[in-house]
Each structure stands twice: as C-alpha cells, then as structure tokens.
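*Asks:* Pasting upload02.txt here (compact mmCIF, C-alpha atoms):
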```
# COMPACT_ATOMS: atom_id res chain seq x y z
CA MET A 56 2.73 -0.76 -3.55
CA LYS A 57 1.86 2.75 -2.45
CA TYR A 58 -1.61 3.10 -0.99
CA LYS A 59 -3.14 6.33 0.23
CA SER A 60 -5.56 5.28 2.95
CA PRO A 61 -7.69 7.30 5.39
CA LYS A 62 -5.74 8.66 8.36
CA ALA A 63 -7.47 6.24 10.74
CA TRP A 64 -6.21 3.29 8.71
CA LYS A 65 -2.94 1.67 9.65
CA ILE A 66 -0.61 0.10 7.07
CA SER A 67 0.94 -3.15 8.30
CA ARG A 68 3.13 -5.85 6.82
CA PHE A 69 1.62 -9.33 6.65
CA SER A 70 4.33 -10.50 9.03
CA GLU A 71 3.18 -7.96 11.64
CA VAL A 72 -0.43 -9.12 11.80
CA ALA A 73 -0.32 -12.75 10.71
CA LYS A 74 1.65 -15.95 10.94
CA VAL A 75 2.85 -16.86 7.44
CA VAL A 76 2.83 -20.62 6.80
CA THR A 77 4.26 -22.30 3.71
CA GLY A 78 2.55 -25.58 2.86
CA SER A 79 4.23 -28.93 2.33
CA THR A 80 3.45 -32.27 0.69
CA PRO A 81 3.77 -35.50 2.67
CA LEU A 82 5.78 -38.13 0.81
CA THR A 83 3.60 -39.74 -1.85
CA SER A 84 5.72 -42.88 -1.51
CA HIS A 85 3.85 -43.44 1.77
CA PRO A 86 0.24 -44.18 0.78
CA GLU A 87 -0.68 -44.36 4.46
CA TYR A 88 -0.29 -40.55 4.59
CA TYR A 89 -3.31 -40.14 2.31
CA GLY A 90 -6.91 -40.84 3.22
CA ASP A 91 -10.03 -38.89 4.17
CA PHE A 92 -9.11 -37.15 7.43
CA ILE A 93 -8.32 -33.57 6.32
CA PRO A 94 -8.49 -31.66 2.99
CA PHE A 95 -5.21 -31.27 1.11
CA ILE A 96 -5.35 -28.13 -1.04
CA GLY A 97 -3.45 -27.27 -4.21
CA PRO A 98 -3.40 -24.10 -6.37
CA SER A 99 -6.18 -25.34 -8.69
CA GLU A 100 -8.62 -25.08 -5.79
CA LEU A 101 -7.93 -21.39 -5.23
CA GLY A 102 -9.57 -18.47 -7.01
CA TYR A 103 -13.06 -18.91 -5.56
CA SER A 104 -14.85 -16.78 -2.97
CA ILE A 105 -16.65 -19.66 -1.24
CA PRO A 106 -14.75 -20.92 1.83
CA ILE A 107 -12.89 -24.16 1.13
CA THR A 108 -14.21 -27.10 3.16
CA THR A 109 -13.51 -30.08 0.87
CA SER A 110 -10.88 -31.20 -1.61
CA THR A 111 -10.38 -33.79 -4.31
CA LYS A 112 -7.36 -35.04 -2.35
CA ASN A 113 -7.18 -35.61 1.41
CA LEU A 114 -4.64 -36.68 3.99
CA SER A 115 -5.01 -39.35 6.63
CA GLU A 116 -4.63 -38.49 10.30
CA LEU A 117 -1.07 -39.79 10.12
CA GLY A 118 -0.42 -37.70 7.01
CA SER A 119 -1.68 -34.55 8.73
CA LYS A 120 1.04 -34.99 11.35
CA LYS A 121 3.61 -34.83 8.56
CA ALA A 122 2.25 -31.50 7.31
CA ARG A 123 1.33 -28.05 8.63
CA VAL A 124 -2.34 -27.95 9.60
CA LEU A 125 -3.98 -24.55 9.10
CA PRO A 126 -6.90 -23.33 11.20
CA LYS A 127 -10.26 -22.25 9.85
CA ASN A 128 -10.27 -18.65 8.50
CA SER A 129 -6.73 -18.86 7.13
CA VAL A 130 -6.17 -16.96 3.87
CA LEU A 131 -4.42 -19.06 1.21
CA VAL A 132 -2.30 -17.39 -1.49
CA CYS A 133 -0.54 -19.20 -4.33
CA CYS A 134 3.02 -17.87 -4.63
CA ILE A 135 4.48 -20.08 -7.35
CA GLY A 136 3.58 -21.24 -10.84
CA ALA A 137 0.96 -20.29 -13.42
CA THR A 138 -1.69 -19.60 -10.77
CA ILE A 139 0.51 -17.26 -8.72
CA GLY A 140 -1.64 -14.66 -6.93
CA LYS A 141 -4.78 -16.80 -6.71
CA VAL A 142 -6.45 -16.68 -3.28
CA GLY A 143 -8.60 -19.02 -1.21
CA PHE A 144 -10.25 -18.96 2.21
CA ALA A 145 -10.19 -21.88 4.65
CA GLY A 146 -13.67 -22.81 5.83
CA THR A 147 -12.29 -25.61 7.96
CA GLU A 148 -8.94 -26.97 9.16
CA LEU A 149 -6.89 -28.00 6.15
CA VAL A 150 -3.40 -28.52 4.71
CA THR A 151 -1.85 -27.00 1.56
CA ASN A 152 1.03 -27.96 -0.66
CA GLN A 153 4.28 -26.00 -0.91
CA GLN A 154 3.05 -23.72 -3.69
CA ILE A 155 0.80 -21.91 -1.23
CA ASN A 156 1.68 -19.45 1.51
CA SER A 157 -1.09 -19.04 4.07
CA LEU A 158 -1.87 -16.15 6.39
CA VAL A 159 -3.13 -16.99 9.87
CA PHE A 160 -4.27 -13.60 11.11
CA ASP A 161 -4.47 -12.31 14.66
CA GLU A 162 -8.26 -11.88 14.70
CA ASN A 163 -7.96 -9.21 17.39
CA LYS A 164 -6.32 -7.05 14.74
CA VAL A 165 -7.57 -8.32 11.40
CA CYS A 166 -10.89 -9.67 10.15
CA PRO A 167 -9.78 -12.68 8.04
CA ARG A 168 -12.59 -12.22 5.54
CA TYR A 169 -11.58 -8.59 5.00
CA ALA A 170 -7.99 -9.72 4.46
CA PHE A 171 -9.18 -12.34 1.97
CA TYR A 172 -10.90 -9.72 -0.17
CA TYR A 173 -7.87 -7.44 0.09
CA CYS A 174 -5.56 -10.23 -1.09
CA GLN A 175 -7.77 -10.68 -4.14
CA THR A 176 -6.92 -7.12 -5.17
CA ILE A 177 -3.14 -7.64 -5.18
CA GLU A 178 -2.87 -10.55 -7.62
CA LYS A 179 -1.10 -8.34 -10.17
CA LEU A 180 1.25 -7.01 -7.49
CA ILE A 181 2.17 -10.55 -6.45
CA ARG A 182 2.84 -11.48 -10.07
CA HIS A 183 5.00 -8.35 -10.45
CA GLN A 184 6.93 -9.05 -7.25
CA GLY A 185 7.55 -12.65 -8.29
CA SER A 186 10.69 -13.63 -10.18
CA SER A 187 10.54 -13.43 -13.97
CA THR A 188 11.84 -16.96 -14.49
CA THR A 189 10.06 -19.70 -16.44
CA LEU A 190 8.33 -20.66 -13.20
CA PRO A 191 7.31 -17.41 -11.43
CA ILE A 192 7.78 -17.52 -7.68
CA LEU A 193 7.38 -15.08 -4.79
CA PRO A 194 9.52 -16.32 -1.87
CA LYS A 195 8.01 -16.39 1.60
CA GLY A 196 10.40 -13.67 2.81
CA ARG A 197 9.18 -11.21 0.19
CA PHE A 198 5.54 -12.30 0.47
CA GLN A 199 5.35 -11.58 4.19
CA GLU A 200 6.67 -8.06 3.61
CA LEU A 201 3.65 -7.12 1.50
CA GLN A 202 1.44 -4.54 3.14
CA ILE A 203 -2.23 -4.46 4.03
CA PRO A 204 -4.26 -1.32 4.92
CA LEU A 205 -6.18 -1.84 8.15
CA PRO A 206 -9.14 0.28 9.17
CA PRO A 207 -10.49 -0.23 12.71
CA LEU A 208 -11.55 -3.83 13.28
CA GLU A 209 -15.29 -3.09 13.26
CA GLU A 210 -14.90 -1.25 9.98
CA GLN A 211 -13.06 -4.26 8.54
CA LYS A 212 -15.97 -6.48 9.54
CA ARG A 213 -18.47 -4.07 7.99
CA ILE A 214 -16.54 -3.99 4.71
CA ALA A 215 -16.26 -7.79 4.67
CA ALA A 216 -20.01 -8.17 5.30
CA ILE A 217 -20.82 -5.85 2.38
CA LEU A 218 -18.47 -7.74 0.06
CA ASP A 219 -19.85 -11.11 1.21
CA LYS A 220 -23.37 -9.92 0.41
CA ALA A 221 -22.28 -8.65 -3.01
CA ASP A 222 -20.56 -11.95 -3.70
CA ARG A 223 -23.70 -13.93 -2.80
CA VAL A 224 -25.71 -11.80 -5.24
CA ARG A 225 -23.08 -12.37 -7.94
CA ARG A 226 -23.11 -16.14 -7.42
CA LYS A 227 -26.93 -16.27 -7.47
CA ARG A 228 -26.90 -14.35 -10.74
CA GLN A 229 -24.37 -16.77 -12.23
CA GLU A 230 -26.49 -19.71 -11.09
CA ALA A 231 -29.62 -18.12 -12.61
CA ILE A 232 -27.79 -17.70 -15.93
CA ARG A 233 -26.63 -21.33 -15.82
CA LEU A 234 -30.14 -22.60 -15.09
CA THR A 235 -31.60 -20.43 -17.86
CA GLU A 236 -29.12 -21.88 -20.34
CA GLU A 237 -29.98 -25.41 -19.21
CA LEU A 238 -33.69 -24.61 -19.56
CA GLY A 239 -33.12 -23.31 -23.08
CA ARG A 240 -31.34 -26.54 -24.06
CA SER A 241 -34.08 -28.65 -22.46
CA ILE A 242 -36.83 -26.74 -24.31
CA PHE A 243 -34.96 -27.16 -27.61
CA LEU A 244 -34.54 -30.91 -27.11
CA ASP A 245 -38.19 -31.26 -26.07
CA MET A 246 -39.42 -29.40 -29.18
CA PHE A 247 -37.00 -30.68 -31.79
CA GLY A 248 -35.27 -33.70 -30.27
CA ASP A 249 -31.58 -34.48 -30.33
CA PRO A 250 -30.15 -32.84 -33.50
CA VAL A 251 -27.68 -35.72 -33.85
CA THR A 252 -30.11 -38.64 -33.72
CA ASN A 253 -33.07 -36.60 -35.11
CA PRO A 254 -35.76 -38.82 -33.49
CA LYS A 255 -38.62 -36.71 -34.89
CA GLY A 256 -37.50 -37.14 -38.47
CA TRP A 257 -37.09 -33.44 -39.31
CA ASN A 258 -35.85 -32.61 -42.79
CA THR A 259 -32.16 -31.74 -42.70
CA GLY A 260 -29.91 -29.67 -44.91
CA THR A 261 -26.75 -27.62 -44.93
CA ILE A 262 -26.37 -23.89 -44.38
CA ILE A 263 -25.23 -23.50 -47.97
CA ASP A 264 -28.49 -25.09 -49.16
CA ILE A 265 -30.49 -22.54 -47.18
CA VAL A 266 -28.52 -19.54 -48.43
CA SER A 267 -28.44 -20.79 -52.01
CA ALA A 268 -32.24 -20.94 -51.90
CA LYS A 269 -32.34 -17.24 -51.00
CA PRO A 270 -29.95 -15.38 -53.29
CA ASP A 271 -31.03 -12.02 -51.87
CA LEU A 272 -29.93 -12.99 -48.36
CA ARG A 273 -27.02 -10.71 -47.53
CA CYS A 274 -24.98 -12.98 -45.31
CA GLY A 275 -21.62 -14.18 -46.49
CA LEU A 276 -20.98 -17.86 -45.82
CA PHE A 277 -17.28 -17.33 -45.86
CA GLY A 278 -15.19 -14.46 -44.60
CA THR A 279 -12.78 -12.65 -46.83
CA GLN A 280 -9.57 -10.77 -46.29
CA LEU A 281 -9.96 -7.06 -47.00
CA LYS A 282 -7.27 -4.47 -47.43
CA VAL A 283 -7.41 -1.24 -45.44
CA HIS A 284 -8.17 0.89 -48.50
CA GLU A 285 -11.15 -1.33 -49.37
CA ILE A 286 -12.98 -0.31 -46.18
CA ILE A 287 -14.95 2.89 -46.69
CA SER A 288 -17.24 5.16 -44.64
CA GLU A 289 -20.50 4.23 -46.38
CA GLY A 290 -21.79 1.61 -48.77
CA ILE A 291 -22.52 -2.10 -48.18
CA PRO A 292 -22.35 -2.89 -44.42
CA LEU A 293 -19.38 -4.99 -43.34
CA LEU A 294 -19.97 -7.19 -40.31
CA GLY A 295 -17.21 -8.91 -38.35
CA ILE A 296 -16.41 -10.69 -35.11
CA GLU A 297 -16.74 -7.36 -33.28
CA ASN A 298 -20.49 -7.61 -33.96
CA VAL A 299 -20.70 -10.66 -31.69
CA LYS A 300 -20.42 -10.07 -27.95
CA ASN A 301 -21.37 -12.30 -25.02
CA GLY A 302 -23.19 -14.69 -27.33
CA TYR A 303 -25.35 -11.99 -28.95
CA PHE A 304 -25.21 -10.44 -32.41
CA ASN A 305 -25.61 -6.73 -33.05
CA ASN A 306 -25.81 -4.97 -36.39
CA HIS A 307 -24.18 -1.73 -35.33
CA VAL A 308 -21.95 -1.17 -38.35
CA LYS A 309 -18.95 1.12 -38.58
CA LYS A 310 -17.32 -0.38 -41.67
CA TYR A 311 -18.52 -0.57 -45.26
CA ILE A 312 -17.35 -1.81 -48.66
CA THR A 313 -18.29 -0.78 -52.19
CA GLN A 314 -21.03 -2.48 -54.20
CA LYS A 315 -18.39 -3.65 -56.68
CA LYS A 316 -16.36 -5.30 -53.95
CA SER A 317 -19.51 -6.80 -52.46
CA ASN A 318 -20.38 -8.47 -55.77
CA ARG A 319 -16.98 -10.12 -55.88
CA VAL A 320 -16.97 -11.43 -52.31
CA LYS A 321 -17.40 -15.20 -52.21
CA GLY A 322 -20.53 -16.40 -50.46
CA PHE A 323 -22.90 -13.48 -51.15
```
Could you write out this structure as structure tokens?
*Replies:*
Amino acid sequence: MKYKSPKAWKISRFSEVAKVVTGSTPLTSHPEYYGDFIPFIGPSELGYSIPITTSTKNLSELGSKKARVLPKNSVLVCCIGATIGKVGFAGTELVTNQQINSLVFDENKVCPRYAFYYCQTIEKLIRHQGSSTTLPILPKGRFQELQIPLPPLEEQKRIAAILDKADRVRRKRQEAIRLTEELGRSIFLDMFGDPVTNPKGWNTGTIIDIVSAKPDLRCGLFGTQLKVHEIISEGIPLLGIENVKNGYFNNHVKKYITQKKSNRVKGF
C-alpha cells in the first residue's frame, strides 16, 4: 500500500519494529491444559477497541507453557478465515490461537495504541493481500512485511490519546442509545403490559381490521410489484423501503403512480 506521509514520518515494516508472533492451540485432548490461569483468545473476540483482559476460554498454568504468552499491549490481528483483518489489543498477558498473528512492538519506537488504531485502517488491505481460496489466509511472512507510517514517538502518543478519547465518546453514545431503547421498552410494558399475555385486558385486533375501518387511510397493507413505466414524476406518492432508515420513517417521496394504478393496488 502506498502512503504519502509527512517528511518527518518514517515508513517501517512490521518486522522492523515489532516481534511477530503466531498463536497456537494447546492439545484439547489434554484437559489439564485448560483452566483459569490466562485468557485464550480467538478471532471472535477481536474487532473491539476496549483492551482485552478476559476471555470465554482460558488456559491453565501448565497450558500456558505449551503456548506462546503475549505481553500486555500486544496488537492482535486475525490473518485467516472469515474474520481476517479484525484487530484486538491485549490489556493483559494472554495467549491466542493460530488464526491470529500478534505484534509485540518495541515501545521505544512505536506506541502500541497508535499501532492498534493504524491496524484497524488496513483491514481491507489484509483481506486483499490474503489468498483468494475458500479460506482466506495471510501468511506470517507476508503479514510482517506490511508497512506502518511512524511519526515521532510523542506524536504517536498524542494521536493515540485523541483516538482513545474519541472512542470513549463513541462508546458512551452507544451505551446511551442502548439505555434509551431499554427505557422505551420499560415504559411501554409499564403502560400497556406484555403484549403477549395482555395482563390489562386491552382490546386486540389485526392491522387489517384497523385499516378496513378507515377506507380513506392511504397505506397499503401489501406491497406490489411495479414496472418501470408505471412509476411517474407526479401523482399518488409511492413509498418504499428507502423511506425507512435507522428505524425511522420519512415521507420524502421521489416516486409516484397514477390514480388509476393506485385504485387497482391491493390493500388501499
């Protein structure tokens, strides 16, 4: 990948500024290798900005001796399979399986958190560099030849701090949205009760009953296939899936049909 960086920035291969470590899996036929001593990370646990400190699967102390233990601040990159290109950041000592290549950076040259954010930007490049077989794979030899632009170390730290702050804001916003959605559901249940069990004894009916009771309601119950020549520049508004975005409906209409066609459409 060609990258035009400021003159003060150096371009280095991963192999020049980091130790590249391919993970491994201790034999599952030895249950004594698995326990609660150290996290054992797989590709499904990558793709998040929060440093990884726990895992759903762990190795025992004996199992850790059969694997390659990575230090805190290692950058984890999946290089095989459907999740190729996904990145994680070690928040503690941990072990990965063989689908992951990890970068243990020389912290006198590279700020690991800066490198983590950079690796997130090259997911498409990693996918492109990987083989085009049924199971995409980027071998360690080719992975460690990928390049990283390196500003002065203090500048790397400044960039990483800015991105960390932005990420915290993003995660807080996502959490606020989640809590708002939960609040909305709670308010609905408090006001109307569970719609399945209907504990408050509300009258129930079908959508077709409601629409049938209001023949002037212009909302088709059922969609209909229209030919290109049946869509015109003015007339009866035609709404479609493009009018629904991010859970909200908008009535900005760009398509129309004739009154005659409207009268024939089922559900009006």
*Asks:* Which residue, A:Ile287, A:Ile155, A:Ile66, A:Val308, has the smallest gap to A:Ser79 when you use all atoms listed in the file?
*Replies:*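 Closest residue, counting all atoms listed in the file: A:Ile155.
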*Asks:* Excluding A:Gln202 and any residue of its chain fewer than 5 positions from it, enumerate the residues within 6 Å of it, using all atoms listed in the file, and give them as a list in words.
*Replies:*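 That gives Ser67, Arg68 and Phe69 of chain A.
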*Asks:* Stretch 282-289 of chain A, all listed atoms, 3 Å padding on each side: what axis-aligned box centre and edge lengths in Å to one decimal come out, as lines of an AutoDock Vina configuration file?
*Replies:*
```
center_x = -13.9
center_y = 0.3
center_z = -47.0
size_x = 19.2
size_y = 15.6
size_z = 10.7
```
*Asks:* For A:Leu190, which of A:Leu293, A:Gly239, A:Gln153, A:Ala137 is the closest residue, counting all atoms listed in the file?
*Replies:*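 Once distances to A:Leu190 are computed over all atoms listed in the file, the minimum belongs to A:Ala137.
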*Asks:* Might you pull out every residue within 10 Å of A:Asp219, with all atoms listed in the file counted and same-chain residues fewer than 4 positions away left off, and present them as a PyMOL selection string?
*Replies:* chain A and resi 104-105+168-169+172+213-215+223-225
*Asks:* Ranking A:Ile181, A:Leu193, A:Val150, A:Ile296 by minimum distance to A:Pro126 and counting only C-alpha atoms, which one comes first?
*Replies:*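 Smallest distance to A:Pro126 is found for A:Val150.
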*Asks:* Skip stretch 161-165 of chain A itself and residues of its chain fewer than 5 positions away, then list as a VMD selection string all residues within 8 Å of it, counting only C-alpha atoms.
*Replies:* chain A and resid 72 to 73 170 205 208 211
